[in-house]
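Raw contents of target33.txt, compact mmCIF, C-alpha atoms:
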```
# COMPACT_ATOMS: atom_id res chain seq x y z
CA MET A 74 -41.04 3.11 44.92
CA GLU A 75 -40.58 6.08 47.24
CA ASP A 76 -39.07 8.13 44.40
CA LYS A 77 -42.09 7.40 42.23
CA GLN A 78 -44.47 8.50 45.01
CA GLU A 79 -42.52 11.72 45.51
CA LEU A 80 -42.67 12.44 41.76
CA VAL A 81 -46.44 11.89 41.69
CA LYS A 82 -46.75 14.17 44.74
CA GLU A 83 -44.72 16.93 43.07
CA VAL A 84 -46.77 16.68 39.85
CA GLY A 85 -49.95 16.89 41.91
CA MET A 86 -48.67 19.99 43.70
CA MET A 87 -47.80 21.68 40.40
CA SER A 88 -51.20 20.82 38.93
CA THR A 89 -52.89 22.22 42.03
CA TYR A 90 -50.80 25.38 41.70
CA PHE A 91 -51.76 25.86 38.05
CA SER A 92 -55.42 25.17 38.92
CA ASN A 93 -55.32 27.89 41.56
CA VAL A 94 -53.85 30.31 39.01
CA ASN A 95 -56.58 29.32 36.56
CA THR A 96 -59.32 29.96 39.15
CA TRP A 97 -57.75 33.30 40.11
CA ILE A 98 -57.65 34.50 36.48
CA LEU A 99 -61.25 33.43 35.85
CA GLU A 100 -62.50 35.19 38.98
CA HIS A 101 -60.78 38.44 38.04
CA LEU A 102 -62.06 38.32 34.45
CA THR A 103 -65.61 37.74 35.69
CA ALA A 104 -65.20 40.62 38.13
CA LEU A 105 -64.36 42.86 35.18
CA GLY A 106 -67.86 42.22 33.82
CA LEU A 107 -67.04 39.68 31.10
CA SER A 108 -69.54 36.93 30.36
CA ASP A 109 -68.65 33.35 31.23
CA PHE A 110 -67.91 32.53 27.56
CA ALA A 111 -65.77 35.63 27.01
CA ALA A 112 -63.99 35.10 30.31
CA ASN A 113 -63.17 31.51 29.32
CA VAL A 114 -61.83 32.59 25.91
CA VAL A 115 -59.62 35.29 27.43
CA ARG A 116 -58.52 32.86 30.15
CA ILE A 117 -57.44 30.30 27.56
CA ILE A 118 -55.54 32.95 25.59
CA ILE A 119 -53.77 34.20 28.72
CA LEU A 120 -52.89 30.70 29.88
CA LEU A 121 -51.70 29.78 26.36
CA ALA A 122 -49.46 32.83 26.37
CA ILE A 123 -48.16 31.88 29.83
CA MET A 124 -47.60 28.28 28.66
CA ILE A 125 -45.69 29.44 25.58
CA ILE A 126 -43.54 31.85 27.62
CA VAL A 127 -42.78 29.31 30.33
CA SER A 128 -42.03 26.66 27.67
CA TRP A 129 -39.68 29.05 25.92
CA LEU A 130 -37.96 29.83 29.23
CA ALA A 131 -37.62 26.12 30.00
CA ASP A 132 -36.17 25.54 26.53
CA TYR A 133 -33.79 28.47 26.91
CA ILE A 134 -32.59 27.35 30.35
CA ALA A 135 -32.17 23.74 29.22
CA LYS A 136 -30.35 24.45 25.95
CA ARG A 137 -28.60 27.76 26.36
CA ILE A 138 -27.55 27.38 29.97
CA ILE A 139 -27.51 23.77 31.19
CA VAL A 140 -26.47 22.15 27.88
CA SER A 141 -23.91 24.90 27.17
CA ILE A 142 -22.35 24.40 30.60
CA LEU A 143 -22.20 20.64 30.03
CA ASP A 144 -20.66 21.12 26.56
CA ARG A 145 -17.94 23.43 27.88
CA PHE A 146 -17.27 21.08 30.79
CA PHE A 147 -16.85 18.02 28.54
CA LYS A 148 -14.62 19.90 26.10
CA LYS A 149 -12.27 20.86 28.93
CA THR A 150 -11.92 17.35 30.34
CA LYS A 151 -8.82 15.29 29.50
CA SER A 152 -10.88 12.45 28.09
CA LYS A 153 -11.74 12.74 24.41
CA TYR A 154 -14.58 10.23 24.60
CA ASP A 155 -17.10 12.66 26.09
CA ASP A 156 -16.41 15.05 23.20
CA TYR A 157 -18.29 12.62 20.95
CA LEU A 158 -21.40 13.09 23.14
CA VAL A 159 -21.14 16.80 22.42
CA LYS A 160 -20.47 16.22 18.72
CA ARG A 161 -23.57 14.02 18.39
CA LYS A 162 -25.65 16.57 20.39
CA VAL A 163 -26.96 13.99 22.86
CA PHE A 164 -27.73 16.53 25.59
CA HIS A 165 -29.00 19.09 23.11
CA LYS A 166 -31.65 16.66 21.89
CA LEU A 167 -32.50 15.54 25.41
CA ALA A 168 -33.11 19.20 26.33
CA HIS A 169 -36.22 19.20 24.11
CA ILE A 170 -38.01 17.37 26.92
CA ALA A 171 -37.98 20.47 29.15
CA PRO A 172 -40.56 22.56 27.21
CA ALA A 173 -42.61 19.41 26.56
CA LEU A 174 -42.89 18.78 30.31
CA VAL A 175 -44.13 22.34 30.85
CA VAL A 176 -46.76 21.88 28.16
CA LEU A 177 -47.71 18.53 29.66
CA PHE A 178 -48.29 20.06 33.10
CA MET A 179 -50.33 23.02 31.77
CA ILE A 180 -52.52 21.39 29.10
CA GLY A 181 -55.05 20.10 31.62
CA VAL A 182 -55.35 23.55 33.18
CA VAL A 183 -55.57 25.51 29.93
CA PHE A 184 -58.16 23.21 28.34
CA ASN A 185 -59.98 22.00 31.44
CA ASP A 186 -63.30 22.78 29.74
CA PHE A 187 -62.36 20.62 26.75
CA PRO A 188 -61.37 17.27 28.27
CA ARG A 189 -61.28 15.35 24.99
CA PHE A 190 -59.06 17.92 23.31
CA SER A 191 -56.92 18.09 26.45
CA THR A 192 -56.54 14.28 26.44
CA PHE A 193 -55.60 14.29 22.74
CA LEU A 194 -52.98 17.04 23.21
CA THR A 195 -51.58 15.19 26.22
CA SER A 196 -51.18 12.06 24.10
CA VAL A 197 -49.45 14.06 21.37
CA VAL A 198 -47.01 15.53 23.90
CA PHE A 199 -46.29 12.06 25.30
CA VAL A 200 -45.56 10.83 21.78
CA TYR A 201 -43.26 13.82 21.26
CA ILE A 202 -41.40 13.00 24.49
CA VAL A 203 -41.06 9.35 23.42
CA PHE A 204 -39.41 10.34 20.13
CA VAL A 205 -37.18 12.91 21.85
CA VAL A 206 -35.93 10.16 24.15
CA VAL A 207 -35.48 7.79 21.20
CA ALA A 208 -33.59 10.44 19.19
CA SER A 209 -31.34 11.04 22.21
CA ILE A 210 -30.65 7.31 22.58
CA SER A 211 -29.92 7.08 18.85
CA SER A 212 -27.43 9.95 19.10
CA PHE A 213 -25.84 8.28 22.11
CA LEU A 214 -25.44 5.04 20.12
CA ARG A 215 -23.79 6.96 17.28
CA ALA A 216 -21.44 8.50 19.82
CA VAL A 217 -20.64 5.00 21.09
CA ASP A 218 -19.81 4.00 17.50
CA ASP A 219 -17.54 7.04 17.14
CA ILE A 220 -15.74 6.17 20.37
CA TYR A 221 -15.40 2.54 19.30
CA ASN A 222 -13.90 3.60 15.96
CA THR A 223 -11.05 5.34 17.78
CA PHE A 224 -9.62 1.92 18.73
CA ASP A 225 -7.30 0.07 16.33
CA PHE A 226 -9.37 -3.11 16.30
CA ALA A 227 -12.46 -1.21 15.10
CA ARG A 228 -11.36 -1.58 11.47
CA GLU A 229 -11.39 -5.36 11.85
CA ARG A 230 -14.64 -5.53 13.81
CA PRO A 231 -16.96 -2.62 12.87
CA ILE A 232 -20.15 -2.38 14.94
CA LYS A 233 -22.10 0.16 12.92
CA GLY A 234 -24.37 -2.54 11.49
CA TYR A 235 -25.25 -3.79 14.98
CA ILE A 236 -25.93 -0.27 16.19
CA GLN A 237 -28.29 0.26 13.27
CA VAL A 238 -30.15 -2.91 14.26
CA VAL A 239 -30.56 -1.56 17.80
CA GLN A 240 -31.75 1.77 16.39
CA ILE A 241 -34.34 0.02 14.22
CA ILE A 242 -35.61 -1.93 17.23
CA ILE A 243 -35.82 1.23 19.34
CA TYR A 244 -37.65 3.22 16.66
CA SER A 245 -40.00 0.30 16.00
CA PHE A 246 -40.81 0.12 19.71
CA ALA A 247 -41.34 3.91 19.76
CA VAL A 248 -43.82 3.66 16.88
CA LEU A 249 -45.75 0.88 18.64
CA LEU A 250 -45.73 2.83 21.90
CA SER A 251 -46.96 5.95 20.09
CA ILE A 252 -49.84 4.02 18.54
CA SER A 253 -50.67 2.66 21.97
CA ILE A 254 -50.70 6.18 23.48
CA LEU A 255 -52.64 7.87 20.68
CA PHE A 256 -55.35 5.25 20.27
CA GLY A 257 -55.47 3.93 23.82
CA ILE A 258 -54.62 0.38 22.76
CA ASN A 259 -52.73 -1.95 25.06
CA LEU A 260 -49.15 -2.37 23.86
CA THR A 261 -49.23 -6.13 24.33
CA ALA A 262 -52.33 -6.32 22.13
CA ILE A 263 -50.50 -4.42 19.37
CA ILE A 264 -47.49 -6.73 19.60
CA ALA A 265 -49.79 -9.78 19.52
CA GLY A 266 -51.54 -8.40 16.44
CA MET A 267 -48.21 -7.92 14.69
CA GLY A 268 -48.08 -11.66 14.10
CA ALA A 269 -50.77 -11.29 11.47
CA VAL A 270 -48.62 -8.96 9.40
CA ALA A 271 -45.30 -10.70 10.06
CA ALA A 272 -45.04 -11.82 6.42
CA VAL A 273 -45.48 -8.25 5.21
CA ILE A 274 -42.87 -6.99 7.67
CA LEU A 275 -40.42 -9.65 6.53
CA LEU A 276 -40.99 -8.56 2.93
CA ILE A 277 -40.50 -4.87 3.77
CA PHE A 278 -37.37 -5.49 5.85
CA LYS A 279 -35.95 -8.23 3.65
CA ASP A 280 -32.79 -6.28 2.79
CA THR A 281 -32.32 -5.28 6.42
CA ILE A 282 -32.60 -8.87 7.66
CA LEU A 283 -30.29 -10.14 4.92
CA GLY A 284 -27.88 -7.29 5.69
CA LEU A 285 -27.86 -8.17 9.39
CA VAL A 286 -27.06 -11.83 8.70
CA ALA A 287 -24.43 -10.88 6.10
CA GLY A 288 -22.88 -8.33 8.47
CA VAL A 289 -22.49 -10.99 11.15
CA GLN A 290 -20.85 -13.33 8.62
CA LEU A 291 -18.52 -10.63 7.28
CA THR A 292 -17.43 -9.66 10.77
CA ALA A 293 -17.17 -13.17 12.20
CA ASN A 294 -15.14 -14.43 9.23
CA ASN A 295 -13.09 -11.24 8.92
CA MET A 296 -13.96 -11.07 5.21
CA VAL A 297 -13.82 -7.31 4.78
CA ARG A 298 -12.85 -4.29 6.87
CA ILE A 299 -13.02 -0.54 6.48
CA GLY A 300 -9.95 0.53 4.53
CA ASP A 301 -9.64 -2.75 2.61
CA TRP A 302 -9.07 -2.63 -1.14
CA ILE A 303 -11.67 -4.87 -2.77
CA SER A 304 -12.65 -5.52 -6.36
CA MET A 305 -16.09 -6.79 -7.33
CA PRO A 306 -16.61 -6.69 -11.12
CA SER A 307 -20.27 -7.73 -10.84
CA HIS A 308 -20.99 -4.38 -9.13
CA ASN A 309 -18.30 -2.31 -10.92
CA ALA A 310 -16.46 -1.85 -7.62
CA ASP A 311 -12.68 -1.58 -7.42
CA GLY A 312 -11.32 0.54 -4.62
CA THR A 313 -11.25 1.19 -0.88
CA VAL A 314 -14.06 0.30 1.52
CA LEU A 315 -15.25 3.52 3.16
CA GLU A 316 -18.18 2.33 5.23
CA ILE A 317 -19.91 -0.90 6.24
CA THR A 318 -23.52 -0.44 7.35
CA LEU A 319 -26.48 -2.70 7.92
CA ASN A 320 -27.71 -2.49 4.33
CA THR A 321 -24.80 -1.24 2.23
CA VAL A 322 -21.05 -1.23 1.82
CA LYS A 323 -19.59 1.95 0.29
CA VAL A 324 -16.53 1.58 -1.92
CA GLN A 325 -14.56 4.51 -3.31
CA ASN A 326 -13.23 3.44 -6.69
CA TRP A 327 -9.86 4.56 -8.03
CA ASP A 328 -11.59 7.12 -10.26
CA LYS A 329 -13.06 8.62 -7.05
CA THR A 330 -16.59 7.47 -7.82
CA ILE A 331 -18.57 5.79 -5.04
CA THR A 332 -20.09 2.34 -5.55
CA THR A 333 -22.75 1.15 -3.12
CA ILE A 334 -22.98 -2.62 -2.73
CA PRO A 335 -25.72 -4.43 -0.76
CA THR A 336 -24.09 -5.98 2.29
CA TYR A 337 -25.54 -9.41 1.57
CA ALA A 338 -24.04 -9.31 -1.96
CA LEU A 339 -20.56 -9.67 -0.41
CA VAL A 340 -21.67 -13.02 0.98
CA THR A 341 -23.70 -14.30 -1.97
CA ASN A 342 -21.31 -13.09 -4.71
CA SER A 343 -17.55 -13.40 -5.09
CA PHE A 344 -15.17 -10.49 -4.59
CA SER A 345 -11.42 -10.05 -4.24
CA ASN A 346 -9.92 -8.55 -1.09
CA TRP A 347 -6.38 -7.25 -1.61
CA ARG A 348 -5.68 -7.06 2.11
CA GLY A 349 -3.48 -10.16 1.90
CA MET A 350 -1.27 -8.43 -0.64
CA GLU A 351 -1.01 -5.31 1.52
CA GLU A 352 -0.17 -7.31 4.64
CA SER A 353 2.44 -9.42 2.81
CA GLY A 354 4.57 -6.37 2.04
CA GLY A 355 4.82 -7.13 -1.68
CA ARG A 356 2.82 -6.73 -4.88
CA ARG A 357 3.05 -9.21 -7.69
CA ILE A 358 4.61 -8.39 -11.06
CA LYS A 359 3.51 -10.97 -13.62
CA ARG A 360 4.25 -9.96 -17.20
CA HIS A 361 5.95 -11.55 -20.21
CA ILE A 362 7.72 -10.52 -23.40
CA ASN A 363 7.44 -12.55 -26.61
CA ILE A 364 10.82 -13.39 -28.17
CA ASP A 365 11.04 -14.12 -31.88
CA MET A 366 12.11 -17.78 -32.02
CA HIS A 367 14.09 -17.16 -35.22
CA SER A 368 16.56 -15.07 -33.23
CA VAL A 369 17.43 -17.87 -30.77
CA LYS A 370 20.90 -19.38 -31.41
CA PHE A 371 24.03 -20.92 -29.85
CA LEU A 372 26.66 -18.58 -28.48
CA SER A 373 29.75 -17.94 -30.58
CA GLU A 374 33.22 -17.29 -29.12
CA VAL A 375 32.74 -13.61 -29.90
CA MET A 376 29.43 -13.52 -28.04
CA ILE A 377 30.92 -15.40 -25.07
CA SER A 378 33.77 -12.88 -24.84
CA LYS A 379 31.27 -10.05 -25.03
CA PHE A 380 28.97 -11.47 -22.31
CA LYS A 381 31.93 -12.05 -19.96
CA LYS A 382 32.25 -8.27 -19.78
CA ILE A 383 28.71 -7.98 -18.34
CA ALA A 384 29.02 -7.79 -14.56
CA TYR A 385 25.94 -9.92 -13.82
CA LEU A 386 27.06 -12.67 -16.23
CA LYS A 387 30.83 -13.02 -15.80
CA ASP A 388 30.74 -15.63 -13.01
CA TYR A 389 27.88 -17.49 -14.67
CA ILE A 390 29.66 -17.69 -18.06
CA ASP A 391 32.91 -18.92 -16.47
CA ARG A 392 31.13 -21.54 -14.41
CA LYS A 393 28.92 -22.66 -17.29
CA GLU A 394 31.85 -22.93 -19.72
CA LYS A 395 33.72 -25.29 -17.35
CA GLU A 396 30.60 -27.37 -16.72
CA LEU A 397 29.77 -27.79 -20.42
CA ALA A 398 33.38 -28.42 -21.46
CA GLN A 399 33.72 -31.17 -18.86
CA TYR A 400 30.40 -32.75 -19.87
CA ASN A 401 31.21 -32.70 -23.59
CA LYS A 402 34.69 -34.08 -22.93
CA GLU A 403 33.39 -36.91 -20.78
CA ASN A 404 30.96 -37.90 -23.54
CA ASN A 405 33.51 -37.48 -26.40
CA PHE A 406 31.33 -35.06 -28.39
CA ASP A 407 32.74 -33.56 -31.59
CA ASN A 408 32.73 -29.80 -30.88
CA SER A 409 33.11 -28.97 -34.57
CA VAL A 410 29.41 -29.76 -35.01
CA LEU A 411 27.20 -27.31 -33.09
CA VAL A 412 24.38 -29.75 -32.42
CA ASN A 413 26.72 -32.12 -30.59
CA GLY A 414 26.78 -31.91 -26.82
CA ARG A 415 25.53 -29.07 -24.66
CA ARG A 416 26.06 -25.42 -25.51
CA MET A 417 24.95 -22.06 -24.20
CA THR A 418 22.28 -20.14 -26.11
CA ASN A 419 21.66 -16.42 -26.24
CA LEU A 420 18.13 -16.99 -24.86
CA GLY A 421 19.41 -19.02 -21.90
CA VAL A 422 22.06 -16.41 -21.10
CA PHE A 423 19.47 -13.67 -21.47
CA ARG A 424 17.16 -15.44 -19.00
CA LYS A 425 20.04 -15.77 -16.53
CA TYR A 426 20.84 -12.08 -16.98
CA LEU A 427 17.23 -11.20 -16.10
CA GLU A 428 17.45 -13.32 -12.95
CA GLU A 429 20.63 -11.61 -11.81
CA TYR A 430 19.33 -8.18 -12.75
CA LEU A 431 16.20 -8.72 -10.65
CA ARG A 432 18.21 -10.27 -7.81
CA HIS A 433 20.16 -7.02 -7.54
CA HIS A 434 17.12 -4.76 -7.98
CA PRO A 435 16.46 -2.80 -4.74
CA LYS A 436 12.68 -2.72 -5.28
CA ILE A 437 12.18 -6.48 -5.71
CA HIS A 438 11.42 -8.85 -2.83
CA GLN A 439 14.01 -11.59 -2.69
CA ASN A 440 12.18 -13.73 -0.12
CA MET A 441 8.93 -14.05 -2.05
CA THR A 442 8.12 -16.04 -5.20
CA PHE A 443 10.85 -15.31 -7.74
CA LEU A 444 10.65 -16.74 -11.28
CA VAL A 445 12.00 -15.92 -14.72
CA ARG A 446 10.60 -18.67 -16.91
CA HIS A 447 9.65 -19.82 -20.40
CA LEU A 448 5.98 -20.20 -21.23
CA GLN A 449 4.47 -22.37 -23.94
CA PRO A 450 5.67 -21.13 -27.37
CA THR A 451 2.86 -19.81 -29.57
CA GLU A 452 2.45 -18.27 -33.00
CA LYS A 453 3.53 -15.02 -31.35
CA GLY A 454 6.94 -16.38 -30.29
CA ILE A 455 8.27 -17.75 -27.03
CA PRO A 456 7.13 -15.83 -23.93
CA ILE A 457 9.71 -15.04 -21.25
CA GLU A 458 7.72 -14.32 -18.09
CA ILE A 459 8.78 -12.26 -15.11
CA TYR A 460 7.02 -13.47 -11.95
CA VAL A 461 8.32 -11.52 -8.93
CA PHE A 462 7.03 -9.27 -6.16
CA SER A 463 7.65 -5.56 -5.88
CA LYS A 464 8.34 -3.96 -2.50
CA GLU A 465 6.29 -0.99 -3.62
CA GLN A 466 2.53 -1.53 -3.14
CA GLU A 467 1.22 1.94 -3.85
CA TRP A 468 -0.28 1.88 -7.33
CA ALA A 469 1.73 4.69 -8.90
CA LYS A 470 5.06 3.57 -7.40
CA TYR A 471 4.34 -0.06 -8.25
CA GLU A 472 3.69 0.83 -11.89
CA GLU A 473 6.85 2.90 -11.92
CA VAL A 474 8.94 -0.06 -10.72
CA GLN A 475 7.32 -2.39 -13.25
CA ALA A 476 7.79 0.05 -16.12
CA ASP A 477 11.44 0.66 -15.15
CA ILE A 478 12.16 -3.08 -15.26
CA PHE A 479 10.58 -3.65 -18.65
CA ASP A 480 12.09 -0.49 -20.12
CA HIS A 481 15.46 -1.99 -19.27
CA ILE A 482 14.54 -5.43 -20.62
CA LEU A 483 13.35 -4.07 -23.96
CA ALA A 484 16.50 -1.99 -24.33
CA VAL A 485 18.87 -4.84 -23.45
CA ILE A 486 17.32 -7.58 -25.64
CA PRO A 487 19.26 -6.56 -28.82
CA GLU A 488 22.54 -6.89 -26.86
CA PHE A 489 21.86 -10.65 -26.77
CA GLU A 490 21.10 -10.69 -30.50
CA LEU A 491 17.48 -11.52 -29.76
CA SER A 492 14.41 -9.95 -31.33
CA VAL A 493 11.07 -9.08 -29.77
CA PHE A 494 8.13 -10.53 -31.67
CA GLN A 495 5.42 -8.15 -32.79
CA PHE A 496 2.96 -8.19 -35.63
CA PRO A 497 4.17 -6.35 -38.75
CA THR A 498 2.87 -2.84 -39.21
CA GLY A 499 2.46 -0.72 -42.32
CA ASN A 500 5.99 0.65 -41.95
CA ASP A 501 7.42 -2.90 -41.75
CA LEU A 502 5.66 -3.87 -44.98
CA LYS A 503 6.80 -0.67 -46.63
CA LYS A 504 10.44 -1.40 -45.75
CA LEU A 505 10.10 -4.92 -47.15
CA GLY A 506 8.76 -3.46 -50.36
CA GLU A 507 11.69 -1.04 -50.62
CA ILE A 508 14.22 -3.84 -50.05
CA SER A 509 12.67 -6.05 -52.69
```
Now that the file is in, can you turn its structure into structure tokens?
Amino acid sequence: MEDKQELVKEVGMMSTYFSNVNTWILEHLTALGLSDFAANVVRIIILLAIMIIVSWLADYIAKRIIVSILDRFFKKTKSKYDDYLVKRKVFHKLAHIAPALVVLFMIGVVFNDFPRFSTFLTSVVFVYIVFVVVASISSFLRAVDDIYNTFDFARERPIKGYIQVVQIIIYSFAVLLSISILFGINLTAIIAGMGAVAAVILLIFKDTILGLVAGVQLTANNMVRIGDWISMPSHNADGTVLEITLNTVKVQNWDKTITTIPTYALVTNSFSNWRGMEESGGRRIKRHINIDMHSVKFLSEVMISKFKKIAYLKDYIDRKEKELAQYNKENNFDNSVLVNGRRMTNLGVFRKYLEEYLRHHPKIHQNMTFLVRHLQPTEKGIPIEIYVFSKEQEWAKYEEVQADIFDHILAVIPEFELSVFQFPTGNDLKKLGEIS
């Protein structure tokens, strides 16, 4: 209370001082023989010039001296957090109040003969000060967001959407306050009257309200973070999340284009978040090769001898031979007939080779899902599917691992006297014609 009284006292003293200067100028102009009208015009011009000069000096002192000193001081401190205040120009924007205060003090003196105009200009200056303060607060909030983003947990719990909500509230209040100042309407009366246009406001800010609710859901449920790889075919998005704001989520696709998705769309529509894959340490390889079923057959003694020389198969062949021989002997099967008893096939041995090959592959996770399996035979042959996880997650390296594996598989298939199924081409038909 005492501080407020002192401030009012100081303002009164300054106004009295400017009034004395005004009277002194008018008296001297009249003494020079100017008429009252001419003296008033010259007085206004002189006082306007003084007001402009003093305002410029106040602006210069505030920005070039005080703000510069503060900027240099904050840059030299050990803490990096205050550097964000400098980066967002919080003090630079706040310095705009200095010349406005000078104008505010001098308007009544310069235009004392025009009270209505003086009152209007005073209201305009007050509105200017309100928006300077609001702009400074907005910059401060952005600096808070920058500081918050320096922490590791900021990626999981971004607050930019909430800061934008606060900014909208502040700017809305500033607009209402400005209307109150300019038109002399009580602020509470304006707020009460807003109820009549609430439906219109809800319609205008529909996306903002939906975005706020969606942002809370996304954050609370940890559905998406900055840096996540998401794919959302309905919005042609497939890439990394760059920014999550109140109204939009920016995604940089793999072709470097930017897709902007409404925040609420991530709640109302389905999307895939690949964060689980990245955190697991592996990336799935799920691909099959179709084997021509006509090439599947029982192993001959020659083939068995050949496969025993393959490092990955030697132990398997020895163990399997003993197992099958014992089984067939126990059941008194006639080995002269191939269909009697149990026998190894080239496809079964090939599948076992793939298992062992992948077990020894340095880029394949051995502790995650690991399958080499048959799928349902179709008119295109019998699919042999590889279902494993690569240790490499980066796209290019992952594709390199996958290609290396299937290059090897395609090259090794003929060694097992198997054939890959593919539709006949023109060259295949041409060769058949030549043979016939």
How big is the axis-aligned box around the listed atoms of stretch 237-254 of chain A once 3 Å is added on each side, and where is its centre? Give both in Å to one decimal, as AutoDock Vina command-line options.
```
--center_x -39.5 --center_y 1.6 --center_z 18.4 --size_x 28.4 --size_y 15.1 --size_z 16.2
```
Mind checking which residues fall within 9 Å of stretch 477-485 of chain A, counting all atoms listed in the file, ignoring those fewer than 5 positions away in the same chain, and posting them as a list in words?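 Residues meeting the cut-off are Ile362, Leu427, Leu431, His434, Glu472 and Val493 of chain A.
Atom CA of A:Asn342 is positioned 11.5 Å from atom CA of A:Ala287.
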Test item: residues at most 12 Å from A:Ile282, only C-alpha atoms, excluding those fewer than 2 positions along its chain, as an MDAnalysis selection string: chainID A and resid 234:235 237:238 241 274:280 284:289 319:320 335:337
Residues near A:Ile303, anyone? I mean within 12 Å using all atoms listed in the file, not counting same-chain ones fewer than 5 positions away, as a list in words. Met296, Val297, Arg298, His308, Asn309, Ala310, Asp311, Gly312, Thr313, Val314, Leu315, Val322, Lys323, Val324, Gln325, Asn326, Trp327, Thr332, Ile334, Leu339, Ser343, Phe344, Ser345, Asn346, Trp347, Arg348, Gly349, Met350 and Glu351 of chain A
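Proximity of A:Ile242, A:Lys464, A:Lys166, A:Leu444 to A:Thr281, computed with all atoms listed in the file, is greatest for A:Ile242.
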For A:Val206, which residue among A:Glu352, A:Asn440, A:Ser191, A:Ala173 is the nearest when counting only C-alpha atoms?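 Smallest separation from A:Val206 among the options: A:Ala173.
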Find the residues around A:Gln495 up to 9 Å (only C-alpha atoms counted), leave out those fewer than 4 positions away in its own chain, and share them as a list in words. Asn363, Ile364, Asp365, Lys453 and Gly454 of chain A
Anything within 10 Å of (-17.5, 7.2, 20.3): list those residues as a ChimeraX atom specification, counting only C-alpha atoms and sticking to the file's coordinates. /A:153-158,160-161,213-224
